[in-house]
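J.: The structure file start-v2.cif (mmCIF, C-alpha atoms) is provided below.
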```cif
data_run
loop_
_atom_site.group_PDB
_atom_site.id
_atom_site.type_symbol
_atom_site.label_atom_id
_atom_site.label_comp_id
_atom_site.auth_asym_id
_atom_site.auth_seq_id
_atom_site.Cartn_x
_atom_site.Cartn_y
_atom_site.Cartn_z
ATOM 1 C CA MET E 30 107.379 115.986 24.852
ATOM 2 C CA PRO E 31 107.838 113.667 27.857
ATOM 3 C CA VAL E 32 109.315 115.079 31.046
ATOM 4 C CA ALA E 33 112.057 113.107 32.770
ATOM 5 C CA ALA E 34 111.088 111.788 36.208
ATOM 6 C CA ARG E 35 113.043 113.130 39.136
ATOM 7 C CA ARG E 36 114.221 110.822 41.873
ATOM 8 C CA LEU E 37 114.013 111.766 45.527
ATOM 9 C CA PRO E 38 117.316 111.583 47.372
ATOM 10 C CA SER E 39 117.666 108.728 49.869
ATOM 11 C CA TRP E 40 117.771 111.126 52.850
ATOM 12 C CA ALA E 41 114.245 112.317 51.963
ATOM 13 C CA TRP E 42 112.933 108.734 52.019
ATOM 14 C CA VAL E 43 114.620 108.002 55.356
ATOM 15 C CA THR E 44 113.292 111.244 56.858
ATOM 16 C CA GLY E 45 109.760 110.509 55.661
ATOM 17 C CA LEU E 46 109.772 106.939 56.967
ATOM 18 C CA THR E 47 111.224 108.041 60.330
ATOM 19 C CA ALA E 48 108.587 110.765 60.732
ATOM 20 C CA GLY E 49 105.831 108.274 59.890
ATOM 21 C CA ALA E 50 107.160 105.775 62.434
ATOM 22 C CA ILE E 51 107.257 108.468 65.139
ATOM 23 C CA VAL E 52 103.622 109.400 64.434
ATOM 24 C CA VAL E 53 102.526 105.744 64.637
ATOM 25 C CA VAL E 54 104.426 105.171 67.918
ATOM 26 C CA GLY E 55 102.911 108.358 69.355
ATOM 27 C CA ALA E 56 99.384 107.272 68.408
ATOM 28 C CA LEU E 57 99.916 103.823 69.933
ATOM 29 C CA THR E 58 101.271 105.419 73.121
ATOM 30 C CA VAL E 59 98.152 107.573 73.473
ATOM 31 C CA GLN E 60 95.931 104.504 72.983
ATOM 32 C CA ALA E 61 97.932 102.514 75.556
ATOM 33 C CA GLU E 62 97.619 105.341 78.111
ATOM 34 C CA LYS E 63 93.815 105.269 77.763
ATOM 35 C CA GLY E 64 93.520 101.482 77.901
ATOM 36 C CA PRO E 65 93.299 99.196 80.932
ATOM 37 C CA HIS E 66 96.444 98.554 82.923
ATOM 38 C CA PRO E 67 96.188 94.970 84.220
ATOM 39 C CA THR E 68 99.046 95.295 86.697
ATOM 40 C CA ALA E 69 97.296 98.210 88.445
ATOM 41 C CA SER E 70 94.599 96.046 90.002
ATOM 42 C CA ALA E 71 97.152 93.670 91.503
ATOM 43 C CA ALA E 72 98.950 96.402 93.433
ATOM 44 C CA ARG E 73 98.648 96.565 97.188
ATOM 45 C CA PRO E 74 98.843 99.498 99.646
ATOM 46 C CA SER E 75 102.254 100.255 101.097
ATOM 47 C CA PRO E 76 103.045 99.614 104.779
ATOM 48 C CA SER E 77 104.047 103.262 105.122
ATOM 49 C CA ALA E 78 100.617 104.486 104.043
ATOM 50 C CA ALA E 79 98.947 106.059 107.043
ATOM 51 C CA ALA E 80 95.634 107.773 107.600
ATOM 52 C CA GLY E 81 95.936 111.426 106.727
ATOM 53 C CA ALA E 82 99.064 110.865 104.630
ATOM 54 C CA THR E 83 99.227 112.654 101.331
ATOM 55 C CA PRO E 84 98.141 110.462 98.439
ATOM 56 C CA ALA E 85 100.905 108.601 96.670
ATOM 57 C CA SER E 86 101.074 105.775 94.208
ATOM 58 C CA SER E 87 100.494 102.446 95.898
ATOM 59 C CA ALA E 88 102.140 100.179 93.370
ATOM 60 C CA SER E 89 104.120 98.113 95.908
ATOM 61 C CA ALA E 90 101.628 97.894 98.732
ATOM 62 C CA THR E 91 100.208 95.218 101.067
ATOM 63 C CA PRO E 92 96.660 95.205 102.445
ATOM 64 C CA THR E 93 97.826 94.763 106.056
ATOM 65 C CA ALA E 94 98.842 98.440 106.153
ATOM 66 C CA ALA E 95 95.236 99.629 106.134
ATOM 67 C CA PRO E 96 92.639 96.900 106.704
ATOM 68 C CA VAL E 97 89.192 97.263 105.185
ATOM 69 C CA PRO E 98 86.996 98.991 107.806
ATOM 70 C CA ASP E 99 84.581 96.882 109.844
ATOM 71 C CA GLY E 100 80.970 97.383 108.868
ATOM 72 C CA SER E 101 81.827 98.170 105.248
ATOM 73 C CA GLY E 102 79.690 95.387 103.812
ATOM 74 C CA THR E 103 80.612 92.182 102.031
ATOM 75 C CA GLY E 104 81.361 91.098 98.487
ATOM 76 C CA ARG E 105 82.877 93.044 95.609
ATOM 77 C CA ARG E 106 82.748 96.752 96.416
ATOM 78 C CA ILE E 107 84.487 100.103 96.637
ATOM 79 C CA VAL E 108 84.907 101.268 100.242
ATOM 80 C CA TYR E 109 85.505 104.949 101.027
ATOM 81 C CA SER E 110 86.432 106.057 104.556
ATOM 82 C CA LEU E 111 85.697 109.715 105.262
ATOM 83 C CA GLY E 112 87.944 109.814 108.348
ATOM 84 C CA GLN E 113 90.901 108.028 106.812
ATOM 85 C CA ARG E 114 90.519 109.705 103.411
ATOM 86 C CA ARG E 115 91.129 106.278 101.916
ATOM 87 C CA VAL E 116 89.580 104.009 99.283
ATOM 88 C CA TRP E 117 89.715 100.204 99.116
ATOM 89 C CA LEU E 118 88.934 98.066 96.071
ATOM 90 C CA VAL E 119 87.551 94.854 97.576
ATOM 91 C CA ASP E 120 87.033 91.694 95.513
ATOM 92 C CA ALA E 121 84.179 89.174 95.808
ATOM 93 C CA ASP E 122 86.202 87.182 98.388
ATOM 94 C CA ASP E 123 86.325 90.252 100.690
ATOM 95 C CA GLU E 124 90.058 90.728 100.017
ATOM 96 C CA ALA E 125 91.393 94.255 99.470
ATOM 97 C CA ARG E 126 93.051 94.286 96.041
ATOM 98 C CA ARG E 127 94.210 97.886 96.323
ATOM 99 C CA THR E 128 93.962 100.758 98.774
ATOM 100 C CA PHE E 129 95.086 104.360 98.493
ATOM 101 C CA THR E 130 94.572 107.759 100.091
ATOM 102 C CA VAL E 131 92.546 110.465 98.347
ATOM 103 C CA TRP E 132 91.910 114.216 98.351
ATOM 104 C CA PRO E 133 88.222 114.754 99.159
ATOM 105 C CA GLY E 134 86.174 117.677 97.893
ATOM 106 C CA THR E 135 84.385 120.116 100.205
ATOM 107 C CA VAL E 136 81.083 118.170 100.131
ATOM 108 C CA ASP E 137 81.267 114.647 101.586
ATOM 109 C CA PRO E 138 78.796 111.881 100.798
ATOM 110 C CA ALA E 139 76.727 110.703 103.754
ATOM 111 C CA PRO E 140 77.837 107.354 105.198
ATOM 112 C CA GLY E 141 75.847 104.543 103.590
ATOM 113 C CA SER E 142 75.533 102.227 100.608
ATOM 114 C CA TYR E 143 75.505 103.446 97.004
ATOM 115 C CA THR E 144 76.122 102.088 93.511
ATOM 116 C CA VAL E 145 78.148 103.520 90.657
ATOM 117 C CA SER E 146 75.471 105.342 88.678
ATOM 118 C CA LEU E 147 77.448 106.956 85.864
ATOM 119 C CA ARG E 148 80.945 106.849 84.424
ATOM 120 C CA LYS E 149 82.505 109.565 82.297
ATOM 121 C CA ASP E 150 85.863 109.321 80.512
ATOM 122 C CA ALA E 151 86.912 112.951 80.934
ATOM 123 C CA THR E 152 85.624 116.460 81.579
ATOM 124 C CA THR E 153 86.588 119.687 83.347
ATOM 125 C CA GLY E 154 86.022 119.628 87.106
ATOM 126 C CA SER E 155 84.111 122.372 88.917
ATOM 127 C CA ASP E 156 87.515 123.711 89.997
ATOM 128 C CA GLY E 157 88.616 124.126 86.351
ATOM 129 C CA VAL E 158 91.021 121.140 86.398
ATOM 130 C CA GLU E 159 90.892 118.654 83.495
ATOM 131 C CA ILE E 160 89.884 115.320 85.051
ATOM 132 C CA GLU E 161 89.403 111.738 83.846
ATOM 133 C CA HIS E 162 88.048 108.396 85.077
ATOM 134 C CA ILE E 163 85.012 110.026 86.692
ATOM 135 C CA ILE E 164 82.852 107.566 88.639
ATOM 136 C CA TYR E 165 79.643 109.118 90.030
ATOM 137 C CA PHE E 166 77.901 107.462 92.968
ATOM 138 C CA SER E 167 76.097 110.104 95.068
ATOM 139 C CA ALA E 168 74.810 113.674 95.318
ATOM 140 C CA ARG E 169 74.459 115.880 98.380
ATOM 141 C CA SER E 170 73.322 119.479 98.756
ATOM 142 C CA GLY E 171 72.933 119.684 94.971
ATOM 143 C CA VAL E 172 76.547 118.633 94.387
ATOM 144 C CA ASN E 173 77.395 115.458 92.449
ATOM 145 C CA ILE E 174 79.951 113.293 94.232
ATOM 146 C CA ALA E 175 82.396 111.249 92.184
ATOM 147 C CA PHE E 176 85.861 109.703 92.205
ATOM 148 C CA SER E 177 88.313 111.083 89.617
ATOM 149 C CA ASN E 178 91.917 111.962 88.920
ATOM 150 C CA ALA E 179 93.511 114.989 87.291
ATOM 151 C CA VAL E 180 94.630 114.307 83.713
ATOM 152 C CA ASP E 181 98.045 115.835 84.458
ATOM 153 C CA GLY E 182 98.358 113.825 87.699
ATOM 154 C CA SER E 183 98.410 116.908 89.925
ATOM 155 C CA SER E 184 96.800 117.198 93.324
ATOM 156 C CA PRO E 185 93.953 119.691 93.562
ATOM 157 C CA PRO E 186 94.573 123.102 95.075
ATOM 158 C CA PRO E 187 92.712 123.948 98.292
ATOM 159 C CA ALA E 188 89.066 124.776 97.636
ATOM 160 C CA SER E 189 88.387 128.500 97.548
ATOM 161 C CA GLY E 190 84.886 128.536 99.017
ATOM 162 C CA ALA E 191 83.374 126.528 96.158
ATOM 163 C CA GLN E 192 81.355 123.388 96.834
ATOM 164 C CA THR E 193 83.110 120.480 95.166
ATOM 165 C CA GLY E 194 82.190 116.806 95.288
ATOM 166 C CA GLY E 195 85.225 115.406 93.504
ATOM 167 C CA ILE E 196 87.211 112.807 95.416
ATOM 168 C CA ARG E 197 90.583 113.014 93.671
ATOM 169 C CA MET E 198 93.357 110.470 93.636
ATOM 170 C CA PRO E 199 96.735 109.933 91.977
ATOM 171 C CA LYS E 200 96.579 108.992 88.292
ATOM 172 C CA ALA E 201 97.596 105.306 88.728
ATOM 173 C CA ASP E 202 94.942 104.833 91.418
ATOM 174 C CA GLY E 203 92.348 106.552 89.204
ATOM 175 C CA SER E 204 93.136 104.068 86.415
ATOM 176 C CA ALA E 205 92.794 101.118 88.815
ATOM 177 C CA LEU E 206 89.475 102.429 90.188
ATOM 178 C CA TRP E 207 88.204 103.012 86.624
ATOM 179 C CA ALA E 208 89.008 99.393 85.697
ATOM 180 C CA PHE E 209 87.345 98.109 88.902
ATOM 181 C CA GLY E 210 84.259 100.345 89.217
ATOM 182 C CA ALA E 211 81.829 99.478 86.452
ATOM 183 C CA THR E 212 78.311 100.941 86.483
ATOM 184 C CA GLY E 213 76.343 99.161 89.212
ATOM 185 C CA THR E 214 79.390 98.415 91.400
ATOM 186 C CA ASN E 215 78.608 98.783 95.107
ATOM 187 C CA VAL E 216 80.142 101.723 96.943
ATOM 188 C CA ARG E 217 80.143 101.777 100.750
ATOM 189 C CA VAL E 218 80.946 105.065 102.518
ATOM 190 C CA VAL E 219 81.984 104.751 106.171
ATOM 191 C CA GLU E 220 83.078 107.207 108.842
#
```
Go through the file and emit its structure as structure tokens.

T.:
Amino acid sequence: MPVAARRLPSWAWVTGLTAGAIVVVGALTVQAEKGPHPTASAARPSPSAAAGATPASSASATPTAAPVPDGSGTGRRIVYSLGQRRVWLVDADDEARRTFTVWPGTVDPAPGSYTVSLRKDATTGSDGVEIEHIIYFSARSGVNIAFSNAVDGSSPPPASGAQTGGIRMPKADGSALWAFGATGTNVRVVE
């Protein structure tokens, strides 16, 4: 004997379609967060950015606030100043496309020329913080030195006696550096 088919009420269909749309939008948002952000590389450092200032997003900046240090090389490169705790992303025309302050680890790289040797999407830092956009370029005293940013965007806590080589930055700056610093990119460390 055939069984009569039951119809789902319209509210069940609407609820199901709405839930599906929310899942799709969420998945697309996660993908967009991990993808390149073209406007990030066009940002300039702010005039209020000063040496020793705490890192902040530099979305509305101008390169005149912190000129690229003399003796930092020529051509497309990443410049890192130990004294200023600042990074510059310099294009092939020797123009700073972005600059921002950073939080250095306890082990500094020696001044000199390096190249980006390895890139890693994400891992856990030696301080236990989840980090992303890791760009390795040096090692010193058995400690790997790399640029990175915390996944949650936080600043690192003060080091508690551990040797750390992570040079941390705000999340937006980490995304810009990740887009700029392909393997083989020159890195110049200056005093």

J.: Report as a ChimeraX atom specification all protein, DNA and RNA residues lying within 9 Å of Ser155 of chain E, evaluated on only C-alpha atoms, omitting residues in the same chain fewer than 2 positions from it.

T.: /E:153,157-158,191-195

J.: Leaving out segment 181-183 of chain E and any residue of its chain fewer than 5 positions from it, which residues lie within 12 Å of it when counting only C-alpha atoms, given as a ChimeraX atom specification?

T.: /E:84-86,132,158-162,197-204

J.: Going by the chain IDs and residue numbers used in this file, which residues fall under the PyMOL selection byres ((chain E and resi 123) around 9)? Write them as a list in words.

T.: Val97, Gly102, Thr103, Gly104, Arg105, Arg106, Val119, Asp120, Ala121, Asp122, Glu124 and Ala125 of chain E

J.: May I ask for the distance between atom CA of Ser184 of chain E and atom CA of Ser142 of chain E, given in Å to one decimal place?

T.: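 Pair atom CA of Ser184 of chain E / atom CA of Ser142 of chain E returns 27.0 Å.
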
J.: If you measure from atom CA of Ala179 of chain E to atom CA of Leu147 of chain E, what distance in Å do you get, rounded to one decimal?

T.: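 A separation of 18.0 Å between them.
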
J.: Atom CA of Ala139 of chain E to atom CA of Pro185 of chain E: how many Å, to one decimal?

T.: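 Calculated distance between atom CA of Ala139 of chain E and atom CA of Pro185 of chain E is 21.9 Å.
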
J.: Spell out the residues picked by the PyMOL selection byres ((chain E and resi 215) around 7) here, as a JSON list (two decimals) with C-alpha atoms, in the frame of the given file.

T.:
```
[["chain", "number", "residue", "atom", "x", "y", "z"],
["E", 106, "ARG", "CA", 82.75, 96.75, 96.42],
["E", 107, "ILE", "CA", 84.49, 100.10, 96.64],
["E", 143, "TYR", "CA", 75.50, 103.45, 97.00],
["E", 144, "THR", "CA", 76.12, 102.09, 93.51],
["E", 145, "VAL", "CA", 78.15, 103.52, 90.66],
["E", 213, "GLY", "CA", 76.34, 99.16, 89.21],
["E", 214, "THR", "CA", 79.39, 98.42, 91.40],
["E", 216, "VAL", "CA", 80.14, 101.72, 96.94],
["E", 217, "ARG", "CA", 80.14, 101.78, 100.75]]
```

J.: So what does the PyMOL selection byres ((chain E and resi 108-114) around 6) actually pick up in this one, as a list in words?

T.: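 Residues picked by the PyMOL selection byres ((chain E and resi 108-114) around 6): Ala80, Ile107, Arg115, Val116, Trp117, Thr130, Val131, Val216, Arg217, Val218, Val219 and Glu220 of chain E.
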
J.: So which one's closest to Gly134 of chain E, E:Val52, E:Ala208, E:Gly154, E:Trp42? Using all atoms listed in the file, please.

T.: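 Counting all atoms listed in the file, the residue closest to Gly134 of chain E is E:Gly154.
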
J.: Please write out, as lines of an AutoDock Vina configuration file, where the centre of an axis-aligned box around all listed atoms of segment 42-51 of chain E lies and how long its edges are, in Å to one decimal, after adding 5 Å on each side.

T.:
```
center_x = 110.2
center_y = 108.5
center_z = 58.6
size_x = 18.8
size_y = 15.5
size_z = 23.1
```
